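Q: As input, take protein-v9.cif (mmCIF, C-alpha atoms and all ligand atoms):
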data_structure
loop_
_atom_site.label_atom_id
_atom_site.label_comp_id
_atom_site.auth_asym_id
_atom_site.auth_seq_id
_atom_site.Cartn_x
_atom_site.Cartn_y
_atom_site.Cartn_z
CA MET A 215 -63.28 -5.43 -41.64
CA LYS A 216 -59.56 -5.09 -42.26
CA THR A 217 -57.54 -7.55 -44.30
CA ASN A 218 -54.12 -7.64 -42.68
CA LYS A 219 -53.59 -9.88 -39.67
CA ALA A 220 -54.48 -9.48 -36.02
CA ILE A 221 -53.32 -11.66 -33.14
CA ILE A 222 -55.32 -13.37 -30.40
CA PHE A 223 -53.26 -14.53 -27.45
CA ASP A 224 -54.23 -17.22 -25.01
CA LEU A 225 -53.07 -16.33 -21.48
CA ASP A 226 -52.12 -19.33 -19.33
CA GLY A 227 -49.06 -21.03 -20.81
CA VAL A 228 -48.62 -18.46 -23.58
CA ILE A 229 -48.22 -15.06 -21.96
CA VAL A 230 -47.47 -16.23 -18.48
CA ASP A 231 -46.21 -19.39 -16.87
CA THR A 232 -49.40 -20.13 -14.92
CA ALA A 233 -50.18 -23.50 -16.55
CA LYS A 234 -47.91 -25.18 -13.97
CA TYR A 235 -49.90 -23.64 -11.09
CA HIS A 236 -53.23 -24.81 -12.52
CA PHE A 237 -51.69 -28.30 -12.66
CA ILE A 238 -50.47 -28.17 -9.04
CA ALA A 239 -53.89 -27.02 -7.81
CA TRP A 240 -55.81 -29.66 -9.82
CA LYS A 241 -53.39 -32.39 -8.73
CA LYS A 242 -54.22 -31.64 -5.09
CA ILE A 243 -57.97 -31.79 -5.78
CA ALA A 244 -57.52 -35.08 -7.66
CA ALA A 245 -55.39 -36.53 -4.85
CA ASP A 246 -58.01 -35.54 -2.25
CA LEU A 247 -60.61 -37.36 -4.39
CA GLY A 248 -58.33 -40.39 -4.76
CA VAL A 249 -58.05 -39.89 -8.53
CA LYS A 250 -54.74 -40.54 -10.30
CA PHE A 251 -53.85 -37.43 -12.29
CA THR A 252 -50.61 -37.11 -14.25
CA ILE A 253 -48.96 -34.28 -16.19
CA GLU A 254 -50.10 -36.07 -19.37
CA ASP A 255 -53.72 -36.09 -18.10
CA ASN A 256 -53.32 -32.37 -17.46
CA GLU A 257 -53.01 -31.69 -21.22
CA GLN A 258 -56.75 -32.42 -21.48
CA LEU A 259 -57.45 -29.67 -18.95
CA LYS A 260 -55.43 -26.94 -20.62
CA GLY A 261 -57.64 -24.28 -22.15
CA VAL A 262 -60.69 -25.88 -20.58
CA SER A 263 -62.93 -23.96 -18.15
CA ARG A 264 -62.73 -24.51 -14.41
CA ILE A 265 -65.97 -26.48 -14.17
CA GLN A 266 -65.19 -28.63 -17.20
CA SER A 267 -61.73 -29.35 -15.80
CA LEU A 268 -63.32 -30.70 -12.63
CA GLU A 269 -65.79 -32.75 -14.67
CA LYS A 270 -62.87 -34.30 -16.58
CA ILE A 271 -61.08 -35.24 -13.34
CA LEU A 272 -64.29 -36.78 -11.97
CA GLU A 273 -64.67 -38.72 -15.23
CA MET A 274 -61.05 -39.96 -15.01
CA GLY A 275 -61.79 -41.37 -11.56
CA SER A 276 -65.40 -42.46 -12.37
CA LYS A 277 -66.60 -40.27 -9.49
CA LYS A 278 -70.02 -38.71 -9.07
CA LEU A 279 -70.51 -35.68 -6.82
CA SER A 280 -73.42 -33.43 -5.91
CA GLN A 281 -73.50 -29.88 -7.22
CA GLU A 282 -72.72 -28.63 -3.72
CA GLU A 283 -69.62 -30.83 -3.46
CA LYS A 284 -68.48 -29.69 -6.91
CA ASP A 285 -68.93 -26.05 -5.92
CA GLN A 286 -66.78 -26.61 -2.82
CA LEU A 287 -64.01 -28.20 -4.87
CA LEU A 288 -64.10 -25.41 -7.46
CA LYS A 289 -63.77 -22.86 -4.68
CA ALA A 290 -60.93 -24.80 -3.04
CA LYS A 291 -59.10 -25.19 -6.36
CA ASN A 292 -59.32 -21.50 -7.15
CA GLU A 293 -58.24 -20.45 -3.65
CA HIS A 294 -55.21 -22.73 -3.88
CA TYR A 295 -54.42 -21.47 -7.41
CA LEU A 296 -54.71 -17.83 -6.32
CA SER A 297 -52.39 -18.46 -3.38
CA LEU A 298 -49.87 -20.06 -5.76
CA ILE A 299 -49.91 -17.01 -8.04
CA SER A 300 -50.09 -14.42 -5.28
CA ASN A 301 -46.38 -13.60 -5.51
CA MET A 302 -46.27 -13.63 -9.29
CA ASP A 303 -44.63 -10.70 -11.05
CA GLU A 304 -43.32 -9.67 -14.48
CA SER A 305 -40.53 -12.24 -14.22
CA GLU A 306 -43.10 -14.94 -15.02
CA ILE A 307 -44.01 -13.43 -18.37
CA LEU A 308 -42.84 -16.11 -20.78
CA PRO A 309 -39.67 -15.55 -22.88
CA GLY A 310 -40.09 -13.36 -25.95
CA ILE A 311 -43.62 -12.19 -25.10
CA SER A 312 -42.80 -8.67 -23.86
CA LYS A 313 -40.59 -8.05 -26.89
CA LEU A 314 -43.27 -9.41 -29.23
CA LEU A 315 -45.92 -7.09 -27.75
CA ASP A 316 -43.54 -4.12 -28.19
CA ASP A 317 -42.86 -5.14 -31.79
CA LEU A 318 -46.56 -5.63 -32.57
CA ASP A 319 -47.26 -2.15 -31.16
CA ALA A 320 -44.47 -0.67 -33.28
CA GLU A 321 -45.90 -2.34 -36.40
CA LYS A 322 -49.47 -1.39 -35.41
CA ILE A 323 -50.54 -5.03 -35.52
CA PRO A 324 -53.49 -5.24 -33.11
CA TYR A 325 -53.86 -7.98 -30.54
CA ALA A 326 -56.50 -9.21 -28.10
CA LEU A 327 -56.71 -11.79 -25.35
CA GLY A 328 -58.82 -14.94 -25.70
CA SER A 329 -58.61 -16.87 -22.43
CA ALA A 330 -60.83 -19.37 -20.62
CA SER A 331 -59.71 -18.01 -17.26
CA LYS A 332 -61.94 -16.01 -14.96
CA ASN A 333 -58.73 -14.76 -13.34
CA ALA A 334 -57.37 -13.28 -16.58
CA LYS A 335 -57.82 -9.60 -15.72
CA ARG A 336 -56.30 -10.05 -12.27
CA ILE A 337 -53.25 -11.74 -13.83
CA LEU A 338 -52.82 -9.14 -16.59
CA ASN A 339 -53.04 -6.43 -13.93
CA THR A 340 -50.35 -8.09 -11.84
CA LEU A 341 -48.13 -8.31 -14.90
CA GLY A 342 -48.75 -4.67 -15.86
CA LEU A 343 -50.12 -5.82 -19.25
CA ILE A 344 -53.82 -5.06 -18.88
CA HIS A 345 -53.80 -1.84 -20.92
CA ARG A 346 -51.85 -3.32 -23.81
CA PHE A 347 -54.67 -5.37 -25.34
CA LYS A 348 -57.21 -3.96 -27.76
CA GLY A 349 -59.76 -6.40 -26.35
CA ILE A 350 -59.88 -8.82 -23.47
CA VAL A 351 -62.18 -11.83 -23.67
CA ASP A 352 -62.02 -14.19 -20.72
CA GLY A 353 -63.95 -16.88 -18.88
CA THR A 354 -66.44 -14.31 -17.60
CA HIS A 355 -67.58 -13.42 -21.15
CA VAL A 356 -68.30 -16.82 -22.66
CA THR A 357 -71.00 -19.41 -22.27
CA LYS A 358 -69.19 -22.11 -24.24
CA ALA A 359 -65.67 -23.27 -23.35
CA LYS A 360 -62.87 -24.08 -25.83
CA PRO A 361 -62.87 -26.13 -28.12
CA ASP A 362 -65.93 -24.02 -28.91
CA PRO A 363 -64.60 -20.95 -30.78
CA GLU A 364 -66.85 -18.44 -28.95
CA VAL A 365 -63.98 -16.80 -27.05
CA PHE A 366 -61.96 -16.24 -30.23
CA LEU A 367 -64.95 -15.07 -32.28
CA ILE A 368 -65.76 -12.41 -29.67
CA ALA A 369 -62.09 -11.37 -29.71
CA SER A 370 -62.10 -11.09 -33.53
CA GLU A 371 -65.20 -8.89 -33.32
CA MET A 372 -63.48 -6.65 -30.77
CA LEU A 373 -60.47 -6.40 -33.06
CA GLN A 374 -62.80 -5.89 -36.05
CA TYR A 375 -60.86 -8.48 -38.01
CA HIS A 376 -62.41 -11.32 -39.95
CA PRO A 377 -61.67 -14.73 -38.32
CA LEU A 378 -59.68 -15.77 -41.41
CA ASN A 379 -57.32 -12.86 -40.70
CA CYS A 380 -56.76 -13.74 -37.06
CA ILE A 381 -53.75 -15.67 -35.76
CA VAL A 382 -54.33 -17.52 -32.48
CA ILE A 383 -51.43 -18.37 -30.18
CA GLU A 384 -52.31 -21.27 -27.89
CA ASP A 385 -50.72 -23.94 -25.71
CA SER A 386 -53.79 -26.17 -25.49
CA VAL A 387 -55.34 -28.79 -27.75
CA ALA A 388 -58.81 -27.35 -27.03
CA GLY A 389 -57.65 -23.87 -28.03
CA ILE A 390 -56.03 -25.07 -31.27
CA GLN A 391 -59.22 -26.91 -32.19
CA ALA A 392 -61.29 -23.81 -31.39
CA ALA A 393 -59.14 -21.61 -33.65
CA ASN A 394 -59.04 -24.15 -36.48
CA SER A 395 -62.81 -24.64 -36.42
CA VAL A 396 -63.39 -21.05 -37.58
CA GLY A 397 -60.47 -20.84 -40.02
CA MET A 398 -58.14 -18.82 -37.80
CA THR A 399 -54.44 -19.56 -38.18
CA SER A 400 -53.28 -21.51 -35.13
CA ILE A 401 -49.83 -21.40 -33.58
CA GLY A 402 -49.29 -24.09 -30.97
CA ILE A 403 -46.77 -23.52 -28.21
CA GLY A 404 -45.48 -26.78 -26.79
CA ASP A 405 -45.02 -30.41 -27.70
CA LYS A 406 -45.67 -31.22 -31.38
CA LYS A 407 -46.90 -34.70 -30.44
CA VAL A 408 -49.68 -33.05 -28.41
CA LEU A 409 -50.41 -29.98 -30.56
CA PHE A 410 -50.13 -31.67 -33.98
CA GLU A 411 -53.42 -30.13 -35.16
CA ALA A 412 -51.92 -26.61 -35.10
CA ASP A 413 -50.98 -24.87 -38.36
CA PHE A 414 -47.58 -24.03 -36.85
CA ILE A 415 -45.92 -25.42 -33.73
CA LEU A 416 -43.16 -23.81 -31.69
CA GLU A 417 -41.51 -25.60 -28.79
CA ASN A 418 -41.74 -22.53 -26.57
CA THR A 419 -42.47 -18.81 -26.71
CA SER A 420 -38.84 -17.81 -27.19
CA PHE A 421 -39.24 -18.84 -30.85
CA LEU A 422 -42.22 -16.54 -31.26
CA ASP A 423 -41.17 -13.25 -32.78
CA LEU A 424 -42.35 -10.61 -35.20
CA ASN A 425 -40.49 -12.20 -38.14
CA PHE A 426 -42.28 -15.47 -37.58
CA ILE A 427 -45.66 -13.70 -37.39
CA LYS A 428 -44.98 -11.65 -40.51
CA LYS A 429 -44.09 -14.73 -42.54
CA ILE A 430 -47.56 -16.20 -41.92
C1 LIG A 501 -57.28 -21.75 -18.98
C2 LIG A 501 -56.32 -22.76 -18.42
O1 LIG A 501 -56.55 -20.68 -19.51
O2 LIG A 501 -58.16 -21.26 -17.97
C3 LIG A 501 -57.09 -23.87 -17.69
O3 LIG A 501 -55.56 -23.33 -19.46
C4 LIG A 501 -58.02 -23.27 -16.65
O4 LIG A 501 -56.16 -24.75 -17.10
C5 LIG A 501 -58.94 -22.26 -17.32
O5 LIG A 501 -58.80 -24.28 -16.05
C6 LIG A 501 -59.88 -21.59 -16.33
O6 LIG A 501 -59.12 -20.79 -15.47
P1 LIG A 501 -59.63 -20.15 -14.13
O7 LIG A 501 -58.52 -19.20 -13.77
O8 LIG A 501 -60.91 -19.42 -14.43
O9 LIG A 501 -59.83 -21.24 -13.15
MG MG A 502 -53.34 -21.85 -22.22
#
Take the structure from the file and write it as structure tokens.
Ligand code: BG6
Ligand code: MG
A:
Amino acid sequence: MKTNKAIIFDLDGVIVDTAKYHFIAWKKIAADLGVKFTIEDNEQLKGVSRIQSLEKILEMGSKKLSQEEKDQLLKAKNEHYLSLISNMDESEILPGISKLLDDLDAEKIPYALGSASKNAKRILNTLGLIHRFKGIVDGTHVTKAKPDPEVFLIASEMLQYHPLNCIVIEDSVAGIQAANSVGMTSIGIGDKKVLFEADFILENTSFLDLNFIKKI
């Protein structure tokens, strides 16, 4: 185990601007179910697995569905989401991220991905970023969704860094809680009223740079 720091990046809403597409796709599912679903409600879904996101929407509308109906909705949501991101390219990498990855490489600070998404590899491929990460842990590797820290613990093992020496960059409450629960340093990207549990909060990724990371 090494003692300097390593970074674990969330994907949606940190590396790439896909959080808005997840919201659009869930909003359509909620509307079809007759469930009111606002952008504030969507904060509870960020970082959360596909199935748990659906369960939360059903809970919001006090709806009960059979497993078969749930499976159909999950399929429909993902198809809609994939169609929304089908034209995505490097221009949707969030501000400052490409430069930060270059700077981390130059400083030999290792980084991995810790995402709940089962579409993570497809997205990183589209963005030309797939070969940059020392490890990729996504929704296909974990049995427990954030706020469980499983995804980040697997990433820290891949990096061969102790959890206390890992810095997690996240835009979701569930992800911040996951990182905090195992003593990783958490950087929240977004609204400080929502992400107040994070060790550090930045309004958006343009404030995230090597200097900031080094000061931690
Ligand atoms: C997370 C997103 O990264 O991945 C969630 O914040 C999403 O909104 C989850 O539900 C699962 O993603 P996917 O691509 O497997 O449906
Ligand atoms: Mg996210």
Q: Find the distance between CA of Glu384 (chain A) and CA of Asp224 (chain A) and write it in Å to one decimal.
A: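 Taking CA of Glu384 (chain A) as the start and CA of Asp224 (chain A) as the end point, the length is 5.3 Å.
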Q: Hey, what's within 8 Å of Cys380 (chain A) if we count only C-alpha atoms and toss same-chain stuff fewer than 4 positions away? As a compact mmCIF listing (two decimals) with C-alpha atoms, keeping the file's coordinate frame, please?
A:
# COMPACT_ATOMS: atom_id res chain seq x y z
CA LYS A 219 -53.59 -9.88 -39.67
CA ALA A 220 -54.48 -9.48 -36.02
CA ILE A 221 -53.32 -11.66 -33.14
CA ILE A 222 -55.32 -13.37 -30.40
CA SER A 370 -62.10 -11.09 -33.53
CA TYR A 375 -60.86 -8.48 -38.01
CA HIS A 376 -62.41 -11.32 -39.95
CA MET A 398 -58.14 -18.82 -37.80
CA THR A 399 -54.44 -19.56 -38.18
Q: Go through chain A residue by residue and, counting all atoms listed in the file, keep those with an atom at most 10 Å from ligand LIG 501 (chain A); for each kept residue give the shortest atom pair and its distance in Å to one decimal, ordered by chain and increasing number, as CSV.
A:
residue,atom,partner,partner_atom,distance
A:Asp224,CA,A:LIG501,O1,6.9
A:Leu225,CA,A:LIG501,O1,5.9
A:Asp226,CA,A:LIG501,O1,4.6
A:Gly227,CA,A:LIG501,O3,7.0
A:Val228,CA,A:LIG501,O1,9.2
A:Thr232,CA,A:LIG501,C2,8.2
A:Ala233,CA,A:LIG501,O3,6.1
A:Lys234,CA,A:LIG501,O4,8.8
A:Tyr235,CA,A:LIG501,O4,8.7
A:His236,CA,A:LIG501,O4,5.4
A:Phe237,CA,A:LIG501,O4,7.2
A:Ala239,CA,A:LIG501,O4,9.8
A:Trp240,CA,A:LIG501,O5,8.8
A:Asn256,CA,A:LIG501,O4,8.1
A:Glu257,CA,A:LIG501,O4,8.7
A:Gln258,CA,A:LIG501,O4,8.9
A:Leu259,CA,A:LIG501,O4,5.4
A:Lys260,CA,A:LIG501,O3,3.8
A:Gly261,CA,A:LIG501,O3,3.5
A:Val262,CA,A:LIG501,C3,5.0
A:Ser263,CA,A:LIG501,C6,4.3
A:Arg264,CA,A:LIG501,O5,4.3
A:Ile265,CA,A:LIG501,O5,7.7
A:Gln266,CA,A:LIG501,O5,7.8
A:Ser267,CA,A:LIG501,O5,5.9
A:Leu268,CA,A:LIG501,O5,8.6
A:Leu288,CA,A:LIG501,O9,8.2
A:Lys289,CA,A:LIG501,O9,9.5
A:Lys291,CA,A:LIG501,O9,7.9
A:Asn292,CA,A:LIG501,O9,6.0
A:Glu293,CA,A:LIG501,O9,9.7
A:Tyr295,CA,A:LIG501,O9,7.9
A:Leu296,CA,A:LIG501,O7,8.5
A:Gly328,CA,A:LIG501,O1,8.7
A:Ser329,CA,A:LIG501,O1,5.2
A:Ala330,CA,A:LIG501,O2,4.2
A:Ser331,CA,A:LIG501,O6,3.4
A:Lys332,CA,A:LIG501,O8,3.6
A:Asn333,CA,A:LIG501,O7,4.5
A:Ala334,CA,A:LIG501,O7,6.7
A:Lys335,CA,A:LIG501,O7,9.8
A:Arg336,CA,A:LIG501,O7,9.5
A:Ile337,CA,A:LIG501,O7,9.1
A:Asp352,CA,A:LIG501,O8,8.3
A:Gly353,CA,A:LIG501,O8,6.0
A:Thr354,CA,A:LIG501,O8,8.2
A:Ala359,CA,A:LIG501,C5,9.1
A:Lys360,CA,A:LIG501,C1,9.1
A:Glu384,CA,A:LIG501,O3,9.3
A:Asp385,CA,A:LIG501,O3,7.9
A:Ser386,CA,A:LIG501,O3,6.9
A:Val387,CA,A:LIG501,O3,9.9
A:Ala388,CA,A:LIG501,O3,9.2
A:Gly389,CA,A:LIG501,O3,8.8
Q: Choose the residue, out of A:Thr340, A:Glu273, A:Val230, A:Lys250, that has the smallest atom-to-atom separation from ligand MG 502 (chain A); count only C-alpha atoms and all ligand atoms.
A: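 Under the stated criterion, the closest residue is A:Val230.
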Q: Please write out, as lines of an AutoDock Vina configuration file, where the centre of an axis-aligned box around all listed atoms of region 385-393 of chain A lies and how long its edges are, in Å to one decimal, after adding 4 Å on each side.
A:
center_x = -56.0
center_y = -25.2
center_z = -29.6
size_x = 18.6
size_y = 15.2
size_z = 16.2
Q: Mind checking which residues fall within 10 Å of Ser420 (chain A), counting all atoms listed in the file, ignoring those fewer than 5 positions away in the same chain, and posting them as JSON, numbers by chain?
A: {"A": [308, 309, 310, 311, 313, 314, 403]}
Q: Skipping near chain neighbours, those fewer than 6 positions away, what residues fall within 9 Å of region 316-320 of chain A using only C-alpha atoms, listed as a PyMOL selection string?
A: chain A and resi 346+423-424
Q: By how many Å are CA of Lys406 (chain A) and CA of Asp255 (chain A) apart?
A: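 Between CA of Lys406 (chain A) and CA of Asp255 (chain A) the gap is 16.3 Å.
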Q: Of the candidates A:Ile299, A:Ile415, A:Leu422, A:Val382, which shows the shortest atom-to-atom distance to Asp231 (chain A), using all atoms listed in the file?
A: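 With all atoms listed in the file as the atom set, the closest residue is A:Ile299.
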